[in-house]
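Beneath this line is the structure, given in structure tokens, with notes to follow.
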Amino acid sequence: ARRRHFELRTGMVKARPSRLPAALGAASALAGLAAGVAALMATQAVSKPLMEPAGGMPLLEVCGDPHKFAASGLHAFEPMLGGSFVCLITQFLHALVLEPAGLLSWGLTIGLALPVSVLWNAEAGRTGASGLVRWPTLLGLLGQFLGISVVFPALWLPAAWYGKGDGAVSPARAYASIALAAPFISLTVALFALDPTSRAWTVCAGLLGGPAIALLPLLLNLVPAPAVAVAFDEFPSAGALVAKQAAAGAKALGHAYALAGVLAFMGYAANVYLASLSYTSLGAACTALWAEATPAVAFMTIDAGVLFLGLLLHLASTAPAEAVAALAASLLLGPGAACALLLHRRETHQHAEASAEAKMVAALAGKKQL
């Protein structure tokens with residue numbers, strides 16, 4: 001033991017890598033998979049009354065038959081935006097906007113979706129990423145069908161554990177990842193501000209429920225990936241460039257998470273204010289979100305809860321203390337803003353480390369030239 005201690009102190013041998021990070025990543029991935037499967041079962045159960053409104057006839061069947069739809073009395077939809085599936089989503093959103101708790105549950109979910117969208121859009125372009133984590137558009141389309149509370153924990157967390165990159169993120173991709181949230185936020189505001197009987201509302205609902213929003217990450221393919229990392233010892237000048245790229249990417253991604261956090265906090269504050277106008281106490285609001293919730297509201301409540309759990313698992317996969325800090329700050333800042341704040345903090349630390357590494361490698365290159 002003393003010999004081993006001496007060798008470690010003198011640098012004669014390198015310290016053995018800890019198994020804890022791998023164990024945390026695997027545990028988070030498995031927990032995410034279990035949470036996603038549970039969310040799928042729960043959302044299907046609570047939404048069943050909404051999916052079979054006409055005497056047990058499936059809603060998709062009603063939406064696919066013009067004669068049955070005309071006789072059903074359901075809300076109109078825009079078939080050009082996605083056919084029967086858009087019809088289904090339009091009925092879901094219409095049921096949601098009719099309830100004060102609908103805005104509350106939707107707002108909580110959107111606040112959490114902001115850091116999630118930045119996370120999976122940015123990590124898809126990180127150098128070294130592989131597998132499903134590189135396909136945010138596919139994940140978004142699956143999220144439209146299954147729910148983001150299913151796809152993020154059950155698919156993205158295990159995919160990130162297996163294929164998350166360890167290189168740099170392009171600054172342009174980092175900023176584009178948060179910019180892609182603008183259409184979704186705008187349509188959300190319109191969804192709850194417009195008259196549900198208007199055609200403008202119907203178009204907004206169709207755009208939110210159709211494939212158009214989920215296909216937006218395809219634009220990220222226009223942003224080239226950073227250079228592939230090289231060995232610092234063999235190519236010091238190239239190593240300095242890679243470190244600078246990592247620092248620039250971490251800085252930009254930190255800014256993207258900060259903006260996502262600000263937007264999420266603004267939405268959370270607005271939600272709290274509007275909820276205070278509709279409910280006399282926190283208990284009454286919680287009752288409306290679950291115990292006495294309509295199928296659409298219960299669905300979104302599950303979405304928000306499991307999505308929050310997924311983000312906490314992602315934070316815990318590398319730093320359990322960060323997950324605890326996000327949970328503690330969630331009541332004050334909102335769950336979405338709290339998670340975005342911790343992700344911002346993580347990227348800020350990575351920026352500082354990469355900047356110091358770039359300076360060290362540049363100094364090493366200068367000494368070798370001398």
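Each chain in the structure tokens gets a letter, A, B, ..., in the order shown, and its residues are numbered from 1; ligands are numbered from 1 in order too.
If you count only C-alpha atoms and ignore residues fewer than 4 places along the chain from range 147-160 of chain A, what sits within 6 Å of it is Ala29, Gly32, Leu33, Gly36, Ala39, Leu40, Leu132, Val133, Gly143, Lys164, Asp303, Val306, Leu307 and Gly310 of chain A.
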Might you pull out every residue within 9 Å of range 64-70 of chain A, with only C-alpha atoms counted and same-chain residues fewer than 2 positions away left off, and present them as a compact mmCIF listing (two decimals) with N, CA, C and O atoms, in the first residue's frame?
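File out_12.txt, as written:
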```
# COMPACT_ATOMS: atom_id res chain seq x y z
N LEU A 59 -60.70 7.34 -31.47
CA LEU A 59 -60.71 8.69 -32.02
C LEU A 59 -60.03 8.75 -33.39
O LEU A 59 -60.45 9.48 -34.28
N LEU A 60 -58.96 7.97 -33.56
CA LEU A 60 -58.28 7.96 -34.86
C LEU A 60 -59.19 7.45 -35.97
O LEU A 60 -59.13 7.93 -37.10
N GLU A 61 -60.05 6.50 -35.64
CA GLU A 61 -61.00 5.98 -36.63
C GLU A 61 -62.01 7.06 -37.00
O GLU A 61 -62.36 7.22 -38.17
N VAL A 62 -62.47 7.81 -36.01
CA VAL A 62 -63.41 8.89 -36.27
C VAL A 62 -62.75 9.97 -37.13
O VAL A 62 -63.34 10.49 -38.08
N SER A 72 -69.66 13.49 -35.37
CA SER A 72 -69.14 13.36 -34.01
C SER A 72 -69.26 14.62 -33.18
O SER A 72 -69.25 14.57 -31.94
N GLY A 73 -69.29 15.78 -33.83
CA GLY A 73 -69.31 17.05 -33.11
C GLY A 73 -67.96 17.45 -32.56
O GLY A 73 -67.87 18.34 -31.70
N LEU A 74 -66.88 16.83 -33.03
CA LEU A 74 -65.54 17.17 -32.57
C LEU A 74 -65.08 18.50 -33.16
O LEU A 74 -65.65 19.01 -34.13
N GLY A 83 -53.06 15.16 -41.31
CA GLY A 83 -54.09 14.14 -41.39
C GLY A 83 -54.72 13.78 -40.06
O GLY A 83 -54.94 14.63 -39.19
N SER A 84 -55.00 12.48 -39.89
CA SER A 84 -55.74 12.01 -38.72
C SER A 84 -55.00 12.27 -37.41
O SER A 84 -55.63 12.52 -36.38
N PHE A 85 -53.67 12.21 -37.46
CA PHE A 85 -52.93 12.43 -36.21
C PHE A 85 -53.10 13.87 -35.73
O PHE A 85 -53.23 14.12 -34.53
N CYS A 87 -55.69 15.65 -36.29
CA CYS A 87 -57.06 15.67 -35.75
C CYS A 87 -57.05 15.25 -34.29
O CYS A 87 -57.66 15.91 -33.43
```
Using only C-alpha atoms, which of the listed residues (A:Leu146, A:Thr280, A:Leu259, A:Cys339) sits closest to Gln44 in chain A? A:Leu146
Can you list, as a ChimeraX atom specification, every residue of range 62-216 of chain A that DSSP puts in helix (DSSP H, G or I)? /A:62-64,66-72,79-81,83-97,100-123,131-134,136-146,148-163,171-179,181-193,199-209,211-214,216
From the options A:Cys204, A:Val37, A:Ala319, A:Leu222, which residue's atoms come nearest to Arg173 in chain A, counting only C-alpha atoms?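 For Arg173 in chain A, the nearest of the given residues is A:Leu222.
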Which residue, A:His344, A:Lys359, A:His94, A:His314, has the smallest gap to Pro295 in chain A when you use only C-alpha atoms? A:His94
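Considering the residues A:Ile110, A:Ala321, A:Val97, A:Val242 and counting only C-alpha atoms, Gly167 in chain A has its shortest atom-to-atom contact with A:Val242.
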Point out the residue among A:Thr109, A:Leu30, A:Pro79, A:Phe92 with the least atom-to-atom distance to Glu52 in chain A, counting only C-alpha atoms. A:Phe92
Please compute the CA of Gln144 in chain A-CA of Met41 in chain A distance, one decimal, in Å.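 These two atoms are separated by 16.0 Å.
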List as a ChimeraX atom specification the protein and nucleic acid residues near Ala95 in chain A, meaning an atom at most 12 Å away when only C-alpha atoms are counted, but skip any in the same chain fewer than 2 places from it. /A:47,49-51,53,74-75,88-93,97-103,106,191-192,196,205,293-300
Given only C-alpha atoms as the basis, pick out the residue of A:Ala270, A:Leu112, A:Glu123, A:Ala190 nearest to Ala338 in chain A. A:Leu112
Could you list, as a PDB file with all heavy atoms, in the first residue's frame, every residue within 6 Å of Ala168 in chain A, counting only C-alpha atoms and ignoring same-chain residues fewer than 4 positions away?
```
ATOM      1  N   ARG A 126     -22.135  17.049 -30.931  1.00  0.00           N
ATOM      2  CA  ARG A 126     -20.857  17.035 -30.210  1.00  0.00           C
ATOM      3  C   ARG A 126     -19.912  16.027 -30.855  1.00  0.00           C
ATOM      4  O   ARG A 126     -20.323  14.922 -31.222  1.00  0.00           O
ATOM      5  CB  ARG A 126     -21.073  16.693 -28.733  1.00  0.00           C
ATOM      6  CG  ARG A 126     -19.812  16.840 -27.878  1.00  0.00           C
ATOM      7  CD  ARG A 126     -20.079  16.483 -26.427  1.00  0.00           C
ATOM      8  NE  ARG A 126     -20.962  17.420 -25.764  1.00  0.00           N
ATOM      9  CZ  ARG A 126     -20.578  18.573 -25.220  1.00  0.00           C
ATOM     10  NH1 ARG A 126     -19.295  18.939 -25.303  1.00  0.00           N
ATOM     11  NH2 ARG A 126     -21.448  19.352 -24.615  1.00  0.00           N
ATOM     12  N   THR A 127     -18.660  16.405 -30.977  1.00  0.00           N
ATOM     13  CA  THR A 127     -17.657  15.512 -31.557  1.00  0.00           C
ATOM     14  C   THR A 127     -17.575  14.205 -30.762  1.00  0.00           C
ATOM     15  O   THR A 127     -17.485  14.229 -29.536  1.00  0.00           O
ATOM     16  CB  THR A 127     -16.277  16.181 -31.568  1.00  0.00           C
ATOM     17  OG1 THR A 127     -16.356  17.396 -32.319  1.00  0.00           O
ATOM     18  CG2 THR A 127     -15.244  15.276 -32.196  1.00  0.00           C
ATOM     19  N   ALA A 246     -13.281  23.545 -27.808  1.00  0.00           N
ATOM     20  CA  ALA A 246     -14.066  23.040 -26.677  1.00  0.00           C
ATOM     21  C   ALA A 246     -14.497  24.180 -25.767  1.00  0.00           C
ATOM     22  O   ALA A 246     -15.642  24.216 -25.285  1.00  0.00           O
ATOM     23  CB  ALA A 246     -13.255  22.007 -25.902  1.00  0.00           C
ATOM     24  N   GLY A 249     -17.246  26.235 -27.560  1.00  0.00           N
ATOM     25  CA  GLY A 249     -18.510  25.514 -27.574  1.00  0.00           C
ATOM     26  C   GLY A 249     -19.175  25.492 -26.213  1.00  0.00           C
ATOM     27  O   GLY A 249     -20.400  25.672 -26.098  1.00  0.00           O
TER      28      GLY A 249
END
```
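Coordinates place CA of Tyr162 in chain A at a distance of 21.6 Å from CA of Pro217 in chain A.
For the pair CA of Ile178 in chain A and CA of Leu331 in chain A, the interatomic distance is 23.6 Å.
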With a distance cut-off of 12 Å and only C-alpha atoms, select the neighbouring residues of Ala23 in chain A, excluding the residue or stretch itself and same-chain residues fewer than 4 positions from it, and output the selection as a list in words.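 That gives Ser18, Arg19, Ala27, Ser28, Ala29, Leu30, Trp161, Ala316, Ser317, Thr318 and Ala319 of chain A.
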Emit the selected residues as a PDB file, in the first residue's frame, including C-alpha atoms.
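Okay, out-v2.pdb is ready:
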```pdb
ATOM      1  CA  SER A  18     -12.853   5.289 -10.935  1.00  0.00           C
ATOM      2  CA  ARG A  19     -15.750   2.992 -11.733  1.00  0.00           C
ATOM      3  CA  ALA A  27     -27.995   3.413 -13.217  1.00  0.00           C
ATOM      4  CA  SER A  28     -29.422   6.637 -14.656  1.00  0.00           C
ATOM      5  CA  ALA A  29     -29.980   5.024 -18.049  1.00  0.00           C
ATOM      6  CA  LEU A  30     -31.808   2.046 -16.516  1.00  0.00           C
ATOM      7  CA  TRP A 161     -24.972   6.820 -21.797  1.00  0.00           C
ATOM      8  CA  ALA A 316     -27.219  12.668 -11.448  1.00  0.00           C
ATOM      9  CA  SER A 317     -25.490  10.524 -14.083  1.00  0.00           C
ATOM     10  CA  THR A 318     -22.344  12.644 -13.649  1.00  0.00           C
ATOM     11  CA  ALA A 319     -22.933  14.673 -10.475  1.00  0.00           C
TER      12      ALA A 319
END
```
Leaving out Pro183 in chain A and any residue of its chain fewer than 3 positions from it, which residues lie within 10 Å of it when counting only C-alpha atoms, given as an MDAnalysis selection string? chainID A and resid 179:180 186:188 207:208 213 216
For the residues selected in the previous step, produce a file with N, CA and C atoms as a PDB file, in the first residue's frame.
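Ended up saving to selection17.pdb:
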```pdb
ATOM      1  N   ALA A 179     -32.498  28.683 -30.409  1.00  0.00           N
ATOM      2  CA  ALA A 179     -33.282  29.464 -31.371  1.00  0.00           C
ATOM      3  C   ALA A 179     -34.444  28.647 -31.926  1.00  0.00           C
ATOM      4  N   LEU A 180     -34.266  27.334 -32.042  1.00  0.00           N
ATOM      5  CA  LEU A 180     -35.329  26.479 -32.576  1.00  0.00           C
ATOM      6  C   LEU A 180     -36.543  26.417 -31.655  1.00  0.00           C
ATOM      7  N   SER A 186     -43.855  30.559 -29.500  1.00  0.00           N
ATOM      8  CA  SER A 186     -44.825  31.458 -30.123  1.00  0.00           C
ATOM      9  C   SER A 186     -46.163  30.764 -30.331  1.00  0.00           C
ATOM     10  N   LEU A 187     -46.133  29.531 -30.805  1.00  0.00           N
ATOM     11  CA  LEU A 187     -47.376  28.788 -31.012  1.00  0.00           C
ATOM     12  C   LEU A 187     -48.064  28.463 -29.691  1.00  0.00           C
ATOM     13  N   THR A 188     -47.281  28.227 -28.645  1.00  0.00           N
ATOM     14  CA  THR A 188     -47.866  27.964 -27.326  1.00  0.00           C
ATOM     15  C   THR A 188     -48.623  29.185 -26.806  1.00  0.00           C
ATOM     16  N   LEU A 207     -50.245  23.003 -36.226  1.00  0.00           N
ATOM     17  CA  LEU A 207     -48.793  23.174 -36.345  1.00  0.00           C
ATOM     18  C   LEU A 207     -48.072  22.568 -35.151  1.00  0.00           C
ATOM     19  N   LEU A 208     -48.652  22.732 -33.956  1.00  0.00           N
ATOM     20  CA  LEU A 208     -48.035  22.150 -32.756  1.00  0.00           C
ATOM     21  C   LEU A 208     -48.085  20.628 -32.776  1.00  0.00           C
ATOM     22  N   ILE A 213     -42.992  21.094 -36.506  1.00  0.00           N
ATOM     23  CA  ILE A 213     -42.140  21.499 -35.385  1.00  0.00           C
ATOM     24  C   ILE A 213     -41.049  20.464 -35.128  1.00  0.00           C
ATOM     25  N   LEU A 216     -37.895  20.638 -37.420  1.00  0.00           N
ATOM     26  CA  LEU A 216     -37.015  21.802 -37.381  1.00  0.00           C
ATOM     27  C   LEU A 216     -35.548  21.466 -37.102  1.00  0.00           C
TER      28      LEU A 216
END
```
